[in-house]
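**Student:** Data: protein-v4.txt, compact mmCIF, N, CA and C atoms.
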```txt
# COMPACT_ATOMS: atom_id res chain seq x y z
N MET A 1025 0.85 -1.19 0.00
CA MET A 1025 0.00 0.00 0.00
C MET A 1025 0.89 1.24 0.00
N CYS A 1026 0.56 2.20 -0.83
CA CYS A 1026 1.32 3.44 -0.93
C CYS A 1026 1.11 4.28 0.32
N ARG A 1027 2.19 4.93 0.78
CA ARG A 1027 2.11 5.75 1.99
C ARG A 1027 2.35 7.22 1.71
N CYS A 1028 2.24 7.63 0.42
CA CYS A 1028 2.45 9.05 0.13
C CYS A 1028 1.31 9.86 0.74
N VAL A 1029 1.53 11.15 0.90
CA VAL A 1029 0.55 12.02 1.56
C VAL A 1029 -0.80 11.97 0.84
N SER A 1030 -0.79 11.99 -0.50
CA SER A 1030 -2.05 11.98 -1.25
C SER A 1030 -2.84 10.71 -1.00
N CYS A 1031 -2.17 9.55 -1.01
CA CYS A 1031 -2.89 8.28 -0.80
C CYS A 1031 -3.36 8.12 0.62
N VAL A 1032 -2.53 8.53 1.60
CA VAL A 1032 -2.95 8.44 3.00
C VAL A 1032 -4.15 9.36 3.23
N THR A 1033 -4.11 10.57 2.67
CA THR A 1033 -5.24 11.50 2.81
C THR A 1033 -6.48 10.93 2.17
N LEU A 1034 -6.36 10.36 0.97
CA LEU A 1034 -7.50 9.77 0.28
C LEU A 1034 -8.08 8.62 1.10
N ASN A 1035 -7.23 7.77 1.66
CA ASN A 1035 -7.71 6.66 2.49
C ASN A 1035 -8.44 7.16 3.72
N CYS A 1036 -7.97 8.24 4.33
CA CYS A 1036 -8.65 8.81 5.50
C CYS A 1036 -10.01 9.36 5.10
N VAL A 1037 -10.07 10.03 3.95
CA VAL A 1037 -11.34 10.58 3.46
C VAL A 1037 -12.34 9.46 3.21
N ILE A 1038 -11.88 8.37 2.59
CA ILE A 1038 -12.76 7.22 2.32
C ILE A 1038 -13.25 6.63 3.63
N CYS A 1039 -12.36 6.49 4.61
CA CYS A 1039 -12.74 5.93 5.92
C CYS A 1039 -13.77 6.82 6.60
N VAL A 1040 -13.52 8.12 6.63
CA VAL A 1040 -14.46 9.06 7.25
C VAL A 1040 -15.79 9.03 6.50
N HIS A 1041 -15.75 8.96 5.17
CA HIS A 1041 -16.97 8.90 4.37
C HIS A 1041 -17.81 7.69 4.75
N GLN A 1042 -17.17 6.53 4.93
CA GLN A 1042 -17.90 5.31 5.29
C GLN A 1042 -18.54 5.45 6.67
N ILE A 1043 -17.81 6.01 7.62
CA ILE A 1043 -18.37 6.22 8.97
C ILE A 1043 -19.53 7.20 8.90
N PHE A 1044 -19.33 8.30 8.20
CA PHE A 1044 -20.36 9.32 8.08
C PHE A 1044 -21.60 8.75 7.40
N ARG A 1045 -21.38 7.93 6.36
CA ARG A 1045 -22.50 7.32 5.65
C ARG A 1045 -23.34 6.48 6.60
N ASP A 1046 -22.70 5.66 7.43
CA ASP A 1046 -23.43 4.81 8.37
C ASP A 1046 -24.23 5.64 9.37
N VAL A 1047 -23.65 6.72 9.85
CA VAL A 1047 -24.35 7.59 10.80
C VAL A 1047 -25.55 8.24 10.14
N ILE A 1048 -25.37 8.75 8.92
CA ILE A 1048 -26.48 9.40 8.21
C ILE A 1048 -27.58 8.40 7.88
N MET A 1049 -27.22 7.19 7.52
CA MET A 1049 -28.24 6.17 7.23
C MET A 1049 -29.07 5.86 8.47
N GLU A 1050 -28.43 5.74 9.62
CA GLU A 1050 -29.18 5.50 10.86
C GLU A 1050 -30.03 6.72 11.22
N PHE A 1051 -29.47 7.91 11.05
CA PHE A 1051 -30.22 9.14 11.29
C PHE A 1051 -31.45 9.19 10.40
N SER A 1052 -31.29 8.78 9.14
CA SER A 1052 -32.39 8.75 8.19
C SER A 1052 -33.48 7.77 8.63
N ARG A 1053 -33.07 6.58 9.06
CA ARG A 1053 -34.05 5.59 9.53
C ARG A 1053 -34.83 6.11 10.74
N GLN A 1054 -34.14 6.72 11.68
CA GLN A 1054 -34.81 7.25 12.87
C GLN A 1054 -35.70 8.44 12.52
N GLY A 1055 -35.26 9.24 11.55
CA GLY A 1055 -36.09 10.36 11.09
C GLY A 1055 -37.38 9.88 10.47
N GLN A 1056 -37.33 8.78 9.73
CA GLN A 1056 -38.53 8.20 9.13
C GLN A 1056 -39.48 7.70 10.21
N VAL A 1057 -38.94 7.07 11.25
CA VAL A 1057 -39.77 6.60 12.37
C VAL A 1057 -40.45 7.79 13.05
N LEU A 1058 -39.67 8.83 13.32
CA LEU A 1058 -40.24 10.02 13.96
C LEU A 1058 -41.29 10.67 13.06
N GLY A 1059 -41.00 10.78 11.78
CA GLY A 1059 -41.97 11.38 10.84
C GLY A 1059 -43.27 10.60 10.81
N ASN A 1060 -43.20 9.28 10.77
CA ASN A 1060 -44.42 8.46 10.78
C ASN A 1060 -45.22 8.68 12.05
N LEU A 1061 -44.54 8.75 13.19
CA LEU A 1061 -45.23 9.00 14.46
C LEU A 1061 -45.90 10.38 14.45
N LEU A 1062 -45.20 11.37 13.93
CA LEU A 1062 -45.78 12.72 13.88
C LEU A 1062 -46.99 12.78 12.96
N PHE A 1063 -46.97 12.04 11.86
CA PHE A 1063 -48.15 12.00 10.98
C PHE A 1063 -49.32 11.31 11.67
N GLU A 1064 -49.04 10.25 12.43
CA GLU A 1064 -50.12 9.58 13.18
C GLU A 1064 -50.72 10.52 14.22
N LEU A 1065 -49.86 11.19 14.98
CA LEU A 1065 -50.35 12.11 16.00
C LEU A 1065 -51.10 13.29 15.38
N SER A 1066 -50.61 13.79 14.27
CA SER A 1066 -51.29 14.89 13.58
C SER A 1066 -52.66 14.46 13.08
N SER A 1067 -52.75 13.25 12.55
CA SER A 1067 -54.04 12.73 12.08
C SER A 1067 -55.03 12.67 13.24
N GLU A 1068 -54.58 12.13 14.37
CA GLU A 1068 -55.46 12.03 15.53
C GLU A 1068 -55.86 13.41 16.05
N ALA A 1069 -54.91 14.36 16.04
CA ALA A 1069 -55.22 15.72 16.50
C ALA A 1069 -56.26 16.39 15.61
N LEU A 1070 -56.33 15.96 14.36
CA LEU A 1070 -57.33 16.50 13.44
C LEU A 1070 -58.65 15.72 13.51
N GLY A 1071 -58.74 14.75 14.44
CA GLY A 1071 -59.95 13.96 14.58
C GLY A 1071 -60.07 12.85 13.55
N LEU A 1072 -58.96 12.47 12.95
CA LEU A 1072 -58.97 11.44 11.91
C LEU A 1072 -58.36 10.15 12.46
N LEU A 1073 -58.46 9.08 11.69
CA LEU A 1073 -57.81 7.83 12.07
C LEU A 1073 -56.30 8.03 12.02
N PRO A 1074 -55.54 7.32 12.86
CA PRO A 1074 -54.08 7.53 12.94
C PRO A 1074 -53.34 7.40 11.61
N ASP A 1075 -53.81 6.53 10.73
CA ASP A 1075 -53.10 6.31 9.47
C ASP A 1075 -53.58 7.21 8.33
N HIS A 1076 -54.48 8.16 8.63
CA HIS A 1076 -55.09 8.97 7.57
C HIS A 1076 -54.05 9.69 6.70
N LEU A 1077 -53.15 10.44 7.32
CA LEU A 1077 -52.16 11.19 6.53
C LEU A 1077 -51.17 10.25 5.85
N LYS A 1078 -50.81 9.16 6.52
CA LYS A 1078 -49.91 8.19 5.87
C LYS A 1078 -50.60 7.52 4.69
N ASP A 1079 -51.90 7.24 4.81
CA ASP A 1079 -52.65 6.64 3.70
C ASP A 1079 -52.74 7.58 2.50
N MET A 1080 -52.61 8.88 2.75
CA MET A 1080 -52.60 9.87 1.67
C MET A 1080 -51.19 10.04 1.09
N ASP A 1081 -50.27 9.18 1.54
CA ASP A 1081 -48.86 9.22 1.09
C ASP A 1081 -48.09 10.44 1.58
N CYS A 1082 -48.57 11.07 2.65
CA CYS A 1082 -47.84 12.22 3.21
C CYS A 1082 -46.46 11.81 3.71
N ALA A 1083 -46.32 10.58 4.17
CA ALA A 1083 -45.04 10.13 4.74
C ALA A 1083 -44.19 9.39 3.71
N LYS A 1084 -44.63 9.38 2.48
CA LYS A 1084 -43.90 8.62 1.46
C LYS A 1084 -42.64 9.39 1.05
N GLY A 1085 -41.52 8.76 1.26
CA GLY A 1085 -40.24 9.38 0.91
C GLY A 1085 -39.87 10.49 1.87
N HIS A 1086 -38.57 10.67 2.02
CA HIS A 1086 -38.10 11.79 2.81
C HIS A 1086 -36.71 12.18 2.35
N LEU A 1087 -36.34 13.40 2.63
CA LEU A 1087 -35.04 13.94 2.23
C LEU A 1087 -34.32 14.45 3.46
N ILE A 1088 -33.01 14.41 3.40
CA ILE A 1088 -32.20 15.00 4.45
C ILE A 1088 -31.35 16.09 3.82
N PHE A 1089 -31.47 17.27 4.34
CA PHE A 1089 -30.61 18.37 3.93
C PHE A 1089 -29.74 18.73 5.12
N CYS A 1090 -28.48 18.92 4.88
CA CYS A 1090 -27.55 19.31 5.94
C CYS A 1090 -26.98 20.68 5.59
N HIS A 1091 -27.32 21.66 6.38
CA HIS A 1091 -26.77 23.00 6.21
C HIS A 1091 -25.95 23.31 7.45
N CYS A 1092 -24.78 23.85 7.25
CA CYS A 1092 -23.93 24.23 8.37
C CYS A 1092 -23.52 25.68 8.17
N TYR A 1093 -23.94 26.53 9.07
CA TYR A 1093 -23.56 27.93 9.02
C TYR A 1093 -22.71 28.22 10.25
N PRO A 1094 -21.39 28.17 10.10
CA PRO A 1094 -20.54 28.42 11.27
C PRO A 1094 -20.71 29.85 11.77
N SER A 1095 -20.39 30.04 13.03
CA SER A 1095 -20.47 31.36 13.63
C SER A 1095 -19.63 32.35 12.84
N CYS A 1096 -20.15 33.53 12.62
CA CYS A 1096 -19.47 34.56 11.83
C CYS A 1096 -19.02 35.68 12.74
N PRO A 1097 -17.74 36.07 12.66
CA PRO A 1097 -17.26 37.16 13.52
C PRO A 1097 -17.90 38.51 13.18
N GLU A 1098 -18.46 38.62 11.97
CA GLU A 1098 -19.15 39.84 11.56
C GLU A 1098 -20.57 39.46 11.15
N PRO A 1099 -21.47 39.29 12.15
CA PRO A 1099 -22.82 38.78 11.86
C PRO A 1099 -23.59 39.56 10.82
N GLU A 1100 -23.31 40.85 10.69
CA GLU A 1100 -24.05 41.65 9.71
C GLU A 1100 -23.69 41.27 8.28
N LEU A 1101 -22.59 40.52 8.09
CA LEU A 1101 -22.16 40.11 6.76
C LEU A 1101 -22.57 38.68 6.42
N LYS A 1102 -23.14 37.95 7.38
CA LYS A 1102 -23.43 36.54 7.15
C LYS A 1102 -24.58 36.36 6.17
N MET A 1103 -24.54 35.23 5.49
CA MET A 1103 -25.58 34.88 4.54
C MET A 1103 -26.07 33.49 4.87
N GLY A 1104 -27.33 33.24 4.70
CA GLY A 1104 -27.89 31.91 4.93
C GLY A 1104 -28.84 31.57 3.81
N THR A 1105 -29.80 30.75 4.10
CA THR A 1105 -30.81 30.38 3.12
C THR A 1105 -31.78 31.56 2.96
N ARG A 1106 -32.21 31.80 1.74
CA ARG A 1106 -33.16 32.89 1.49
C ARG A 1106 -34.47 32.62 2.22
N SER A 1107 -35.29 33.64 2.38
CA SER A 1107 -36.60 33.44 3.00
C SER A 1107 -37.40 32.49 2.12
N HIS A 1108 -38.12 31.57 2.76
CA HIS A 1108 -38.84 30.56 2.00
C HIS A 1108 -39.90 29.90 2.88
N THR A 1109 -40.77 29.17 2.25
CA THR A 1109 -41.67 28.28 2.97
C THR A 1109 -41.20 26.86 2.65
N ASP A 1110 -41.56 25.92 3.47
CA ASP A 1110 -41.17 24.53 3.24
C ASP A 1110 -42.19 23.89 2.30
N PRO A 1111 -41.77 23.44 1.12
CA PRO A 1111 -42.71 22.96 0.11
C PRO A 1111 -43.17 21.51 0.31
N ASP A 1112 -42.97 20.98 1.50
CA ASP A 1112 -43.30 19.58 1.75
C ASP A 1112 -44.44 19.49 2.76
N PHE A 1113 -44.61 18.32 3.36
CA PHE A 1113 -45.65 18.15 4.37
C PHE A 1113 -45.16 18.58 5.75
N LEU A 1114 -43.94 18.17 6.08
CA LEU A 1114 -43.44 18.38 7.43
C LEU A 1114 -41.92 18.50 7.38
N THR A 1115 -41.37 19.45 8.12
CA THR A 1115 -39.92 19.60 8.23
C THR A 1115 -39.54 19.44 9.69
N ILE A 1116 -38.54 18.59 9.94
CA ILE A 1116 -38.00 18.41 11.27
C ILE A 1116 -36.61 19.03 11.26
N LEU A 1117 -36.40 20.03 12.08
CA LEU A 1117 -35.17 20.80 12.05
C LEU A 1117 -34.45 20.70 13.39
N LEU A 1118 -33.18 20.34 13.33
CA LEU A 1118 -32.31 20.36 14.50
C LEU A 1118 -31.42 21.58 14.35
N GLN A 1119 -31.66 22.60 15.18
CA GLN A 1119 -30.86 23.82 15.11
C GLN A 1119 -29.54 23.60 15.83
N ASP A 1120 -28.53 24.34 15.37
CA ASP A 1120 -27.28 24.37 16.13
C ASP A 1120 -27.36 25.55 17.10
N LEU A 1121 -26.30 25.79 17.84
CA LEU A 1121 -26.33 26.88 18.81
C LEU A 1121 -26.01 28.23 18.19
N VAL A 1122 -25.67 28.25 16.89
CA VAL A 1122 -25.39 29.50 16.21
C VAL A 1122 -26.69 30.28 16.02
N GLY A 1123 -27.79 29.57 15.77
CA GLY A 1123 -29.07 30.23 15.56
C GLY A 1123 -29.19 30.75 14.15
N GLY A 1124 -30.16 31.63 13.95
CA GLY A 1124 -30.38 32.21 12.64
C GLY A 1124 -31.77 31.93 12.08
N LEU A 1125 -32.48 30.94 12.67
CA LEU A 1125 -33.83 30.66 12.19
C LEU A 1125 -34.74 31.82 12.56
N GLN A 1126 -35.52 32.26 11.58
CA GLN A 1126 -36.49 33.32 11.78
C GLN A 1126 -37.84 32.89 11.24
N VAL A 1127 -38.90 33.45 11.83
CA VAL A 1127 -40.26 33.16 11.40
C VAL A 1127 -40.93 34.49 11.08
N LEU A 1128 -41.66 34.51 9.96
CA LEU A 1128 -42.37 35.71 9.54
C LEU A 1128 -43.73 35.76 10.24
N VAL A 1129 -43.92 36.77 11.08
CA VAL A 1129 -45.17 36.94 11.82
C VAL A 1129 -45.66 38.36 11.58
N GLN A 1130 -46.82 38.47 10.95
CA GLN A 1130 -47.43 39.77 10.65
C GLN A 1130 -46.42 40.73 10.00
N ASN A 1131 -45.73 40.24 8.97
CA ASN A 1131 -44.77 41.01 8.17
C ASN A 1131 -43.50 41.41 8.91
N TYR A 1132 -43.22 40.78 10.05
CA TYR A 1132 -41.98 41.02 10.79
C TYR A 1132 -41.25 39.70 10.99
N TRP A 1133 -39.93 39.74 10.79
CA TRP A 1133 -39.11 38.55 11.01
C TRP A 1133 -38.74 38.47 12.49
N ILE A 1134 -39.11 37.36 13.10
CA ILE A 1134 -38.86 37.13 14.53
C ILE A 1134 -37.77 36.07 14.66
N ASP A 1135 -36.70 36.38 15.42
CA ASP A 1135 -35.65 35.39 15.66
C ASP A 1135 -36.18 34.26 16.53
N MET A 1136 -35.81 33.05 16.18
CA MET A 1136 -36.18 31.87 16.95
C MET A 1136 -34.90 31.35 17.62
N PRO A 1137 -34.67 31.75 18.88
CA PRO A 1137 -33.42 31.32 19.52
C PRO A 1137 -33.38 29.80 19.67
N PRO A 1138 -32.23 29.19 19.40
CA PRO A 1138 -32.14 27.73 19.49
C PRO A 1138 -32.25 27.25 20.94
N ILE A 1139 -32.88 26.12 21.12
CA ILE A 1139 -32.96 25.45 22.41
C ILE A 1139 -32.15 24.17 22.28
N PRO A 1140 -31.06 24.03 23.03
CA PRO A 1140 -30.19 22.86 22.88
C PRO A 1140 -30.97 21.54 22.96
N GLY A 1141 -30.77 20.69 21.97
CA GLY A 1141 -31.39 19.37 21.94
C GLY A 1141 -32.83 19.33 21.46
N ALA A 1142 -33.42 20.49 21.20
CA ALA A 1142 -34.82 20.54 20.76
C ALA A 1142 -34.92 20.38 19.25
N LEU A 1143 -36.01 19.83 18.80
CA LEU A 1143 -36.33 19.75 17.38
C LEU A 1143 -37.41 20.77 17.06
N VAL A 1144 -37.26 21.45 15.94
CA VAL A 1144 -38.27 22.41 15.47
C VAL A 1144 -39.09 21.69 14.41
N LEU A 1145 -40.40 21.71 14.54
CA LEU A 1145 -41.30 21.09 13.56
C LEU A 1145 -42.00 22.17 12.78
N ASN A 1146 -41.78 22.18 11.48
CA ASN A 1146 -42.44 23.14 10.60
C ASN A 1146 -43.49 22.43 9.78
N ILE A 1147 -44.69 22.96 9.78
CA ILE A 1147 -45.74 22.45 8.90
C ILE A 1147 -45.48 23.01 7.52
N GLY A 1148 -45.32 22.14 6.54
CA GLY A 1148 -45.02 22.58 5.19
C GLY A 1148 -46.25 22.98 4.42
N ASP A 1149 -46.01 23.50 3.23
CA ASP A 1149 -47.08 24.01 2.37
C ASP A 1149 -48.15 22.94 2.08
N LEU A 1150 -47.74 21.68 1.92
CA LEU A 1150 -48.67 20.64 1.53
C LEU A 1150 -49.61 20.21 2.67
N LEU A 1151 -49.28 20.54 3.90
CA LEU A 1151 -50.11 20.12 5.03
C LEU A 1151 -50.95 21.27 5.61
N GLN A 1152 -50.67 22.48 5.16
CA GLN A 1152 -51.43 23.61 5.70
C GLN A 1152 -52.85 23.58 5.19
N VAL A 1153 -53.77 23.98 6.05
CA VAL A 1153 -55.18 24.07 5.69
C VAL A 1153 -55.47 25.51 5.33
N SER A 1154 -56.04 25.70 4.17
CA SER A 1154 -56.36 27.08 3.73
C SER A 1154 -57.62 27.56 4.38
```
I'd like the structure from this file rewritten - as structure tokens, please.

**Tutor:**
Amino acid sequence: MCRCVSCVTLNCVICVHQIFRDVIMEFSRQGQVLGNLLFELSSEALGLLPDHLKDMDCAKGHLIFCHCYPSCPEPELKMGTRSHTDPDFLTILLQDLVGGLQVLVQNYWIDMPPIPGALVLNIGDLLQVS
């Protein structure tokens, strides 16, 4: 096996990638379990049978997006995701301690300070009742 810096670095990247992949796959499985439970509870809260939203395929498929916004020494210069609504049924968000999540309330952006270990649940466009 070659021991040059490039090959050793590549082998470390491959090793880290495999470990990271396993962690993300388990995170994905647990996220699906949590999502299914939340759809059951939401169905019941709406006075419906527990499987109602799942039977409508609301829980079919899921995506994981990983955004990392490190702390910025000049916060006025930082950039993040543009203002948006979530185009899905449900978003489960784990905030870091840097913060930055805002919610639009009566045309004003309100900062949502992170709570360590808490999950933020956003109702997406597809689940909102008009």

**Student:** Could you state the separation of atom CA of A:Gly1123 and atom CA of A:His1108 in Å, given to one decimal place?

**Tutor:**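 Atom-to-atom, atom CA of A:Gly1123 to atom CA of A:His1108, that is 16.7 Å.
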
**Student:** Mind pulling up the distance from atom N of A:Lys1084 to atom CA of A:Ala1069?

**Tutor:**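 Result for atom CA of A:Ala1069 versus atom N of A:Lys1084: 18.7 Å, one decimal.
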
**Student:** DSSP on the backbone: what in stretch 1050-1138 of chain A comes out strand (DSSP E), as a PDB file with N, CA and C atoms, keeping the file's coordinate frame?

**Tutor:**
```
ATOM      1  N   LEU A1114     -43.940  18.170   6.080  1.00  0.00           N
ATOM      2  CA  LEU A1114     -43.440  18.380   7.430  1.00  0.00           C
ATOM      3  C   LEU A1114     -41.920  18.500   7.380  1.00  0.00           C
ATOM      4  N   THR A1115     -41.370  19.450   8.120  1.00  0.00           N
ATOM      5  CA  THR A1115     -39.920  19.600   8.230  1.00  0.00           C
ATOM      6  C   THR A1115     -39.540  19.440   9.690  1.00  0.00           C
ATOM      7  N   ILE A1116     -38.540  18.590   9.940  1.00  0.00           N
ATOM      8  CA  ILE A1116     -38.000  18.410  11.270  1.00  0.00           C
ATOM      9  C   ILE A1116     -36.610  19.030  11.260  1.00  0.00           C
ATOM     10  N   LEU A1117     -36.400  20.030  12.080  1.00  0.00           N
ATOM     11  CA  LEU A1117     -35.170  20.800  12.050  1.00  0.00           C
ATOM     12  C   LEU A1117     -34.450  20.700  13.390  1.00  0.00           C
ATOM     13  N   LEU A1118     -33.180  20.340  13.330  1.00  0.00           N
ATOM     14  CA  LEU A1118     -32.310  20.360  14.500  1.00  0.00           C
ATOM     15  C   LEU A1118     -31.420  21.580  14.350  1.00  0.00           C
ATOM     16  N   GLN A1126     -35.520  32.260  11.580  1.00  0.00           N
ATOM     17  CA  GLN A1126     -36.490  33.320  11.780  1.00  0.00           C
ATOM     18  C   GLN A1126     -37.840  32.890  11.240  1.00  0.00           C
ATOM     19  N   VAL A1127     -38.900  33.450  11.830  1.00  0.00           N
ATOM     20  CA  VAL A1127     -40.260  33.160  11.400  1.00  0.00           C
ATOM     21  C   VAL A1127     -40.930  34.490  11.080  1.00  0.00           C
ATOM     22  N   LEU A1128     -41.660  34.510   9.960  1.00  0.00           N
ATOM     23  CA  LEU A1128     -42.370  35.710   9.540  1.00  0.00           C
ATOM     24  C   LEU A1128     -43.730  35.760  10.240  1.00  0.00           C
ATOM     25  N   VAL A1129     -43.920  36.770  11.080  1.00  0.00           N
ATOM     26  CA  VAL A1129     -45.170  36.940  11.820  1.00  0.00           C
ATOM     27  C   VAL A1129     -45.660  38.360  11.580  1.00  0.00           C
ATOM     28  N   TYR A1132     -43.220  40.780  10.050  1.00  0.00           N
ATOM     29  CA  TYR A1132     -41.980  41.020  10.790  1.00  0.00           C
ATOM     30  C   TYR A1132     -41.250  39.700  10.990  1.00  0.00           C
ATOM     31  N   TRP A1133     -39.930  39.740  10.790  1.00  0.00           N
ATOM     32  CA  TRP A1133     -39.110  38.550  11.010  1.00  0.00           C
ATOM     33  C   TRP A1133     -38.740  38.470  12.490  1.00  0.00           C
ATOM     34  N   ILE A1134     -39.110  37.360  13.100  1.00  0.00           N
ATOM     35  CA  ILE A1134     -38.860  37.130  14.530  1.00  0.00           C
ATOM     36  C   ILE A1134     -37.770  36.070  14.660  1.00  0.00           C
ATOM     37  N   ASP A1135     -36.700  36.380  15.420  1.00  0.00           N
ATOM     38  CA  ASP A1135     -35.650  35.390  15.660  1.00  0.00           C
ATOM     39  C   ASP A1135     -36.180  34.260  16.530  1.00  0.00           C
TER      40      ASP A1135
END
```

**Student:** Between atom C of A:Leu1061 and atom N of A:Ala1083, what is the spacing in Å?

**Tutor:** 10.3 Å

**Student:** Excluding same-chain residues fewer than 6 positions from A:Lys1078, what lies within 8 Å of it counting only C-alpha atoms, as a list in words?

**Tutor:** Asn1060, Phe1063, Glu1064 and Lys1084 of chain A

**Student:** Could you take the residues named above and write them with N, CA and C atoms, as a PDB file, in the coordinates of the input?

**Tutor:**
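result32.pdb written:
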```pdb
ATOM      1  N   ASN A1060     -43.200   9.280  10.770  1.00  0.00           N
ATOM      2  CA  ASN A1060     -44.420   8.460  10.780  1.00  0.00           C
ATOM      3  C   ASN A1060     -45.220   8.680  12.050  1.00  0.00           C
ATOM      4  N   PHE A1063     -46.970  12.040  11.860  1.00  0.00           N
ATOM      5  CA  PHE A1063     -48.150  12.000  10.980  1.00  0.00           C
ATOM      6  C   PHE A1063     -49.320  11.310  11.670  1.00  0.00           C
ATOM      7  N   GLU A1064     -49.040  10.250  12.430  1.00  0.00           N
ATOM      8  CA  GLU A1064     -50.120   9.580  13.180  1.00  0.00           C
ATOM      9  C   GLU A1064     -50.720  10.520  14.220  1.00  0.00           C
ATOM     10  N   LYS A1084     -44.630   9.380   2.480  1.00  0.00           N
ATOM     11  CA  LYS A1084     -43.900   8.620   1.460  1.00  0.00           C
ATOM     12  C   LYS A1084     -42.640   9.390   1.050  1.00  0.00           C
TER      13      LYS A1084
END
```

**Student:** Kindly list the centre and edge lengths in Å, rounded to one decimal, for the axis-aligned box that covers all listed atoms of stretch 1058-1073 of chain A plus 4 Å on each of its six sides, as lines of an AutoDock Vina configuration file.

**Tutor:**
```
center_x = -49.9
center_y = 12.2
center_z = 13.6
size_x = 28.4
size_y = 16.7
size_z = 13.7
```

**Student:** Have a look at A:Val1122, A:Leu1150, A:Cys1082, A:Leu1062 and name the one nearest to A:Pro1137; count all atoms listed in the file.

**Tutor:**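 For A:Pro1137, the nearest of the candidates is A:Val1122.
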
**Student:** Pick out each residue of stretch 1030-1144 of chain A that DSSP on the backbone tags as alpha helix (DSSP H); I need them as number ranges by chain.

**Tutor:** A: 1030-1069, 1076-1079

**Student:** Nearest to A:Gly1148 among A:Leu1070, A:Pro1111, A:Gln1126, A:Met1136, with distances taken over only N, CA and C atoms: which residue is it?

**Tutor:** A:Pro1111

**Student:** Looking at all atoms listed in the file, which of A:Gln1152, A:Ser1066, A:Gln1056, A:Asn1146 is the one that sits closest to A:Ile1116?

**Tutor:**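 Of the candidates, the smallest distance to A:Ile1116 is held by A:Asn1146.
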
**Student:** So which one's closest to A:Leu1114, A:Met1049, A:Ile1147, A:Ile1088, A:Ile1043? Using only C-alpha atoms, please.

**Tutor:**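 Result for the nearest residue to A:Leu1114: A:Ile1147.
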